[in-house]
Structures are given as C-alpha cells and as structure tokens.
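> So I've got this file, start_11.cif, and it contains mmCIF, C-alpha atoms:
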data_run
loop_
_atom_site.label_atom_id
_atom_site.label_comp_id
_atom_site.auth_asym_id
_atom_site.auth_seq_id
_atom_site.Cartn_x
_atom_site.Cartn_y
_atom_site.Cartn_z
CA MET U 1 -6.49 33.23 -3.60
CA ALA U 2 -7.74 33.52 -0.01
CA ARG U 3 -5.29 32.27 2.58
CA ASN U 4 -5.36 31.62 6.30
CA ARG U 5 -2.80 33.94 7.90
CA GLU U 6 -3.71 33.23 11.53
CA PRO U 7 -0.69 32.48 13.76
CA ARG U 8 -0.37 28.69 13.90
CA PHE U 9 0.84 28.25 17.47
CA LYS U 10 -1.74 30.67 18.88
CA LYS U 11 -4.49 28.76 17.10
CA CYS U 12 -3.21 25.43 18.47
CA ARG U 13 -3.18 26.78 22.02
CA SER U 14 -6.70 28.14 21.60
CA LEU U 15 -8.01 24.82 20.25
CA ASN U 16 -5.95 22.89 22.86
CA LEU U 17 -4.81 20.57 20.08
CA ASN U 18 -1.67 20.55 17.96
CA VAL U 19 -3.39 20.89 14.58
CA CYS U 20 -0.31 22.24 12.78
CA GLY U 21 1.93 19.30 13.74
CA HIS U 22 4.87 21.40 14.93
CA PRO U 23 6.61 19.87 17.99
CA LYS U 24 6.77 23.24 19.78
CA ALA U 25 3.22 24.36 19.02
CA MET U 26 1.89 23.63 22.53
CA LYS U 27 5.02 24.64 24.46
CA ARG U 28 3.51 27.87 25.83
CA SER U 29 0.03 26.47 26.32
CA VAL U 30 -1.76 27.64 29.49
CA PRO U 31 -5.23 26.58 30.70
CA SER U 32 -6.72 30.06 30.34
CA GLN U 33 -6.11 30.06 26.57
CA ALA U 34 -7.88 26.80 25.72
CA ARG U 35 -11.55 26.92 24.79
CA ASP U 36 -12.27 23.46 26.14
CA ARG U 37 -10.87 24.18 29.63
CA ARG U 38 -14.20 25.69 30.59
CA LYS U 39 -17.60 24.01 30.44
CA LEU U 40 -19.01 24.10 26.92
CA SER U 41 -22.59 23.77 25.75
CA PRO U 42 -23.35 21.02 23.19
CA TYR U 43 -23.22 23.71 20.50
CA GLY U 44 -19.85 24.91 21.84
CA GLU U 45 -18.44 21.37 21.67
CA GLN U 46 -19.63 20.99 18.09
CA LEU U 47 -18.17 24.37 17.10
CA LEU U 48 -14.82 23.53 18.70
CA GLU U 49 -14.54 20.23 16.82
CA LYS U 50 -15.42 21.99 13.57
CA GLN U 51 -12.69 24.56 14.16
CA ARG U 52 -10.21 21.81 15.01
CA LEU U 53 -10.96 19.91 11.80
CA ARG U 54 -10.65 23.11 9.76
CA GLY U 55 -7.38 23.80 11.56
CA TYR U 56 -5.87 20.45 10.58
CA TYR U 57 -6.42 21.09 6.88
CA GLU U 58 -6.18 24.91 6.90
CA VAL U 59 -9.40 25.27 4.90
CA LEU U 60 -11.46 28.45 5.01
CA GLU U 61 -15.11 28.31 6.06
CA LYS U 62 -16.73 28.63 2.63
CA GLN U 63 -14.63 25.86 1.14
CA PHE U 64 -15.08 23.71 4.22
CA ARG U 65 -18.85 24.05 3.93
CA ASN U 66 -18.65 22.76 0.35
CA TYR U 67 -16.90 19.62 1.60
CA VAL U 68 -19.59 19.19 4.27
CA ASP U 69 -22.42 19.56 1.73
CA LYS U 70 -20.77 16.97 -0.53
CA ALA U 71 -20.41 14.57 2.40
CA LEU U 72 -24.02 15.09 3.52
CA ALA U 73 -25.22 14.23 0.00
CA SER U 74 -23.12 11.05 -0.13
CA PRO U 75 -24.51 7.59 0.79
CA GLU U 76 -21.32 6.99 2.80
CA LEU U 77 -21.01 7.83 6.49
CA THR U 78 -20.92 11.62 6.50
CA GLY U 79 -18.10 12.11 8.99
CA GLU U 80 -15.84 9.54 7.36
CA LYS U 81 -16.54 10.89 3.88
CA LEU U 82 -15.80 14.45 5.01
CA VAL U 83 -12.47 13.57 6.61
CA ALA U 84 -11.42 11.33 3.70
CA ASP U 85 -12.16 14.07 1.15
CA LEU U 86 -10.15 16.60 3.14
CA GLU U 87 -7.32 14.09 3.52
CA CYS U 88 -7.15 13.56 -0.26
CA ARG U 89 -6.59 17.25 -1.05
CA LEU U 90 -3.35 17.67 -2.97
CA ASP U 91 -1.79 20.12 -0.52
CA ASN U 92 -2.47 17.75 2.38
CA MET U 93 -1.16 14.74 0.47
CA VAL U 94 2.05 16.59 -0.41
CA TYR U 95 2.44 17.07 3.35
CA ARG U 96 1.58 13.45 4.21
CA MET U 97 3.94 12.22 1.47
CA ASN U 98 6.76 14.13 3.20
CA PHE U 99 7.50 16.61 0.41
CA GLY U 100 6.51 19.45 2.75
CA ALA U 101 7.34 19.86 6.44
CA SER U 102 3.96 21.48 7.18
CA ILE U 103 0.60 21.93 5.48
CA ARG U 104 1.48 25.55 4.70
CA GLN U 105 4.82 24.64 3.17
CA ALA U 106 3.13 21.88 1.16
CA ARG U 107 0.55 24.35 -0.15
CA GLN U 108 3.32 26.72 -1.21
CA ILE U 109 5.11 23.89 -3.04
CA VAL U 110 1.89 23.16 -4.94
CA THR U 111 0.98 26.76 -5.82
CA HIS U 112 4.52 27.45 -7.05
CA GLY U 113 4.05 24.73 -9.65
CA ASN U 114 6.59 22.29 -8.21
CA ILE U 115 4.29 19.25 -8.06
CA TRP U 116 3.41 16.81 -10.80
CA VAL U 117 0.48 14.39 -10.58
CA ASN U 118 0.70 11.49 -13.01
CA GLY U 119 3.35 13.38 -15.00
CA LYS U 120 1.39 16.64 -15.32
CA LYS U 121 1.79 19.88 -13.39
CA VAL U 122 -0.99 20.58 -10.89
CA ASP U 123 -0.86 23.88 -8.99
CA ARG U 124 -4.28 23.77 -7.32
CA PRO U 125 -4.07 22.91 -3.60
CA SER U 126 -7.68 21.67 -3.48
CA TYR U 127 -7.14 19.17 -6.32
CA ALA U 128 -8.60 15.82 -5.19
CA LEU U 129 -6.27 12.86 -5.55
CA SER U 130 -7.66 9.49 -6.59
CA VAL U 131 -6.37 6.02 -5.77
CA GLY U 132 -3.40 5.25 -8.01
CA ASP U 133 -2.30 8.86 -8.51
CA VAL U 134 1.48 9.35 -8.52
CA VAL U 135 2.83 12.53 -6.94
CA GLU U 136 6.37 13.81 -7.43
CA ILE U 137 8.48 16.96 -7.43
CA ARG U 138 8.96 18.38 -10.92
CA ASP U 139 12.34 17.60 -12.51
CA LYS U 140 13.68 21.18 -12.27
CA SER U 141 13.02 21.27 -8.50
CA LYS U 142 14.29 17.81 -7.50
CA ASP U 143 17.64 19.21 -6.35
CA VAL U 144 16.09 21.79 -3.98
CA ALA U 145 17.70 21.02 -0.63
CA ILE U 146 14.63 21.53 1.57
CA TYR U 147 12.47 19.18 -0.52
CA LYS U 148 15.15 16.48 -0.42
CA HIS U 149 15.61 16.94 3.33
CA ASN U 150 11.85 16.65 3.95
CA PHE U 151 11.44 13.53 1.81
CA PHE U 152 14.60 11.57 2.55
CA GLU U 153 15.65 12.64 6.04
CA LYS U 154 12.81 14.29 7.96
CA ALA U 155 10.04 11.92 6.78
CA ILE U 156 7.33 12.75 9.32
CA TYR U 157 4.74 10.25 8.06
CA ASN U 158 4.62 6.59 7.05
CA LEU U 159 0.96 5.92 6.35
CA PRO U 160 -0.63 2.68 5.07
CA TYR U 161 -2.57 4.38 2.28
CA ILE U 162 0.58 5.93 0.79
CA GLU U 163 3.43 4.07 -0.92
CA TYR U 164 6.69 5.97 -0.57
CA ASP U 165 9.16 5.40 -3.42
CA LEU U 166 12.49 6.69 -2.12
CA GLU U 167 14.43 5.57 -5.18
CA GLY U 168 12.00 7.24 -7.56
CA TYR U 169 11.57 10.34 -5.35
CA LYS U 170 7.79 9.99 -5.58
CA ALA U 171 4.77 8.69 -3.68
CA VAL U 172 1.53 6.97 -4.66
CA LEU U 173 -1.92 7.03 -3.08
CA VAL U 174 -2.49 3.27 -3.07
CA GLU U 175 -5.86 3.13 -1.32
CA LYS U 176 -8.60 5.38 -0.05
CA PRO U 177 -7.75 6.66 3.44
CA THR U 178 -9.90 5.07 6.14
CA ARG U 179 -10.91 7.02 9.22
CA GLU U 180 -8.88 4.91 11.63
CA ASN U 181 -5.69 5.43 9.57
CA ILE U 182 -5.94 9.21 9.24
CA PRO U 183 -3.65 10.79 11.87
CA ILE U 184 -5.98 13.40 13.36
CA GLU U 185 -7.77 13.62 16.72
CA ILE U 186 -11.33 14.64 15.88
CA ASN U 187 -14.85 13.64 16.89
CA ASP U 188 -16.15 14.00 13.35
CA HIS U 189 -19.73 13.16 14.38
CA LEU U 190 -19.81 16.47 16.31
CA VAL U 191 -18.84 18.32 13.13
CA VAL U 192 -21.69 16.63 11.26
CA GLU U 193 -24.12 17.51 14.08
CA TYR U 194 -22.98 21.12 13.94
CA TYR U 195 -23.93 21.49 10.29
CA SER U 196 -27.00 19.21 10.44
CA SER U 197 -28.58 21.45 13.09
CA ARG U 198 -28.07 24.68 11.15
#
Translate this file's structure into structure tokens.

Amino acid sequence: MARNREPRFKKCRSLNLNVCGHPKAMKRSVPSQARDRRKLSPYGEQLLEKQRLRGYYEVLEKQFRNYVDKALASPELTGEKLVADLECRLDNMVYRMNFGASIRQARQIVTHGNIWVNGKKVDRPSYALSVGDVVEIRDKSKDVAIYKHNFFEKAIYNLPYIEYDLEGYKAVLVEKPTRENIPIEINDHLVVEYYSSR
C-alpha cells in the first residue's frame, strides 16, 4: 500500500497551514518557507489549495483524483461533495472520533485491524462511512492505553455530525458532514477550478 512519508511539520510550513493538526507544527515557520508568501498566479493559488486539501487527508494524487472525478460527476456542488467524501473516509473518521491522535495514527489503527464498523472488522482506510455507521475499537484492543487516552482524555474533536458514546467506547456518524461543520481551512472552489481547467 502506497503511503505518504513526507515530514509533516515541513509540509505544514511549506503550505503555511497546519494541515496535520499538531500544536507545534508551525513553531519553526519562517516567511521564506511558505509558498503563499510570494505572489502567486491564479494557477499557483489553485495548486496550493489542492495541495492543502490533500495534506489534510493525507491522500496521494491518484486517489485524490478519483475523489475529484466522482465529485465532478455528482449533481451536488462539486467542492462540497469532494470535501464531504474525503471527510467520510474511515481513517479520517477514526481521527475525528478521537480514537487516533493524528490522521497517520488513525490510519495505522485501521490497517492493523483494530477498528470495527457495525460490528465487523474493516481494515481499509479509504472505506466510506455512511450515516448511521457505528465505529468502535475491537474488543481485544479496548484496553490499549493510547486508544483510551485519545478517546477519553485527549478528545481533540466534538463535531455535530458525530455522536460520541463515552460509556460504550464508540462513536456514530449521525449525519452527513456539511461544509461549514468540517474543521478545515480550504477554498474548495479553487481545487475544483484546478481540475476543471486541466
């Protein structure tokens, strides 16, 4: 399976946006490193937003293009459809549901077979969750200290489209994420323009 091994903090400083969510990611940021500190052409602005959106979800280009093509073919608003589909990836939802402290840790939890969806093991990070899906740590892994710390103590997110069941040690996607509720800073229309012009 192809993986993104690019240094997270370096990428954040280059994009001038904390796409990995770590509180220290931008600590060593200097103006000369950021792409948007110099004047960009319209194409450059579109490319930067595309790279930022990819950075948030840690998706490689080929897979990202598949999400774009699906969104372009949808009757829904392309940008909103694209972001919602990326948001509903299992690895991202494991992160948003506070089982993982980062998108990379969440992906590792999924690929190691520690996640159940509706009572069945799912180890594919790109698996698309639907409204009503219940996500939980498998029984054998529920006592792992780092998972418990992430879910019960660290708890980075509290989002309206996710219901967090602390007693049951699980979370449910209760509604489709809307663009205004998704916690990312992206001009998604620029991403759509980037691919529409190619």
> Where does the PyMOL selection byres ((chain U and resi 110) around 10) land in this file, that is, which residues does it pick, as a ChimeraX atom specification?
/U:90-91,94,100,104-109,111-116,121-127,137
> Store the residues picked out above, limited to C-alpha atoms, as a PDB file, in the coordinates of the input.

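Result went into out35.pdb, see below:
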ATOM      1  CA  LEU U  90      -3.350  17.670  -2.970  1.00  0.00           C
ATOM      2  CA  ASP U  91      -1.790  20.120  -0.520  1.00  0.00           C
ATOM      3  CA  VAL U  94       2.050  16.590  -0.410  1.00  0.00           C
ATOM      4  CA  GLY U 100       6.510  19.450   2.750  1.00  0.00           C
ATOM      5  CA  ARG U 104       1.480  25.550   4.700  1.00  0.00           C
ATOM      6  CA  GLN U 105       4.820  24.640   3.170  1.00  0.00           C
ATOM      7  CA  ALA U 106       3.130  21.880   1.160  1.00  0.00           C
ATOM      8  CA  ARG U 107       0.550  24.350  -0.150  1.00  0.00           C
ATOM      9  CA  GLN U 108       3.320  26.720  -1.210  1.00  0.00           C
ATOM     10  CA  ILE U 109       5.110  23.890  -3.040  1.00  0.00           C
ATOM     11  CA  THR U 111       0.980  26.760  -5.820  1.00  0.00           C
ATOM     12  CA  HIS U 112       4.520  27.450  -7.050  1.00  0.00           C
ATOM     13  CA  GLY U 113       4.050  24.730  -9.650  1.00  0.00           C
ATOM     14  CA  ASN U 114       6.590  22.290  -8.210  1.00  0.00           C
ATOM     15  CA  ILE U 115       4.290  19.250  -8.060  1.00  0.00           C
ATOM     16  CA  TRP U 116       3.410  16.810 -10.800  1.00  0.00           C
ATOM     17  CA  LYS U 121       1.790  19.880 -13.390  1.00  0.00           C
ATOM     18  CA  VAL U 122      -0.990  20.580 -10.890  1.00  0.00           C
ATOM     19  CA  ASP U 123      -0.860  23.880  -8.990  1.00  0.00           C
ATOM     20  CA  ARG U 124      -4.280  23.770  -7.320  1.00  0.00           C
ATOM     21  CA  PRO U 125      -4.070  22.910  -3.600  1.00  0.00           C
ATOM     22  CA  SER U 126      -7.680  21.670  -3.480  1.00  0.00           C
ATOM     23  CA  TYR U 127      -7.140  19.170  -6.320  1.00  0.00           C
ATOM     24  CA  ILE U 137       8.480  16.960  -7.430  1.00  0.00           C
TER      25      ILE U 137
END
> In Å, rounded to a single decimal, give me how far CA of Lys154 in chain U is from CA of Met97 in chain U.
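According to the coordinates, CA of Met97 in chain U and CA of Lys154 in chain U are separated by 11.2 Å.
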> Got a sec to resolve the PyMOL selection byres ((chain U and resi 119) around 9) on this structure and send the residues as a PyMOL selection string?
chain U and resi 116-118+120-121+134-136+138
> Could you tell me which of U:Asn150, U:Asn66, U:Ser74, U:Gln51 comes closest to Phe99 in chain U if we count all atoms listed in the file?
U:Asn150
> One decimal, Å: what's the distance from CA of Gly132 in chain U over to CA of His149 in chain U, could you say?
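These two atoms are separated by 25.0 Å.
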> Skip Leu47 in chain U itself and residues of its chain fewer than 6 positions away, then list as a PyMOL selection string all residues within 9 Å of it, counting all atoms listed in the file.
chain U and resi 190-191+194
> Output the selection as a PDB file, in the frame of the given file - C-alpha atoms for each residue.

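Ended up saving to part-v8.pdb:
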ATOM      1  CA  LEU U 190     -19.810  16.470  16.310  1.00  0.00           C
ATOM      2  CA  VAL U 191     -18.840  18.320  13.130  1.00  0.00           C
ATOM      3  CA  TYR U 194     -22.980  21.120  13.940  1.00  0.00           C
TER       4      TYR U 194
END
> Can you work out the spacing between CA of Tyr157 in chain U and CA of Arg8 in chain U in Å, to one decimal?
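Those two atoms sit 20.0 Å apart.
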> Using the chain letters and residue numbers of this document, give as a list in words the residues selected by the PyMOL selection byres ((chain U and resi 177) around 12).
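Going through the file, the PyMOL selection byres ((chain U and resi 177) around 12) ends up selecting Glu80, Lys81, Leu82, Val83, Ala84, Asp85, Leu86, Glu87, Cys88, Arg89, Met93, Arg96, Leu129, Ser130, Val131, Leu159, Pro160, Tyr161, Ile162, Leu173, Val174, Glu175, Lys176, Thr178, Arg179, Glu180, Asn181, Ile182 and Pro183 of chain U.
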> Within 10 Å of range 21-25 of chain U, which residues of range 91-124 of chain U show up? Give each one with its shortest atom-to-atom distance in Å (one decimal) and the two atoms involved, counting all atoms listed in the file, rows by chain then rising residue number, as a tab-separated table.

residue	atom	partner	partner_atom	distance
U:Ala101	CA	U:His22	CA	9.0
U:Ser102	CA	U:Gly21	CA	7.2
U:Ile103	CA	U:Gly21	CA	8.8
> From the list U:Lys170, U:Ile186, U:Glu6, U:Lys142, which residue is nearest Leu60 in chain U when using only C-alpha atoms?
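Of U:Lys170, U:Ile186, U:Glu6, U:Lys142, the one nearest Leu60 in chain U, counting only C-alpha atoms, is U:Glu6.
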> Taking (-6.9, 20.6, 12.6) as a centre in this file's frame and 8 Å as the limit, can you find every polymer residue with an atom that close, using all atoms listed in the file, and give them as an NGL selection string?
:U and (17-20 or 51-58 or 184)
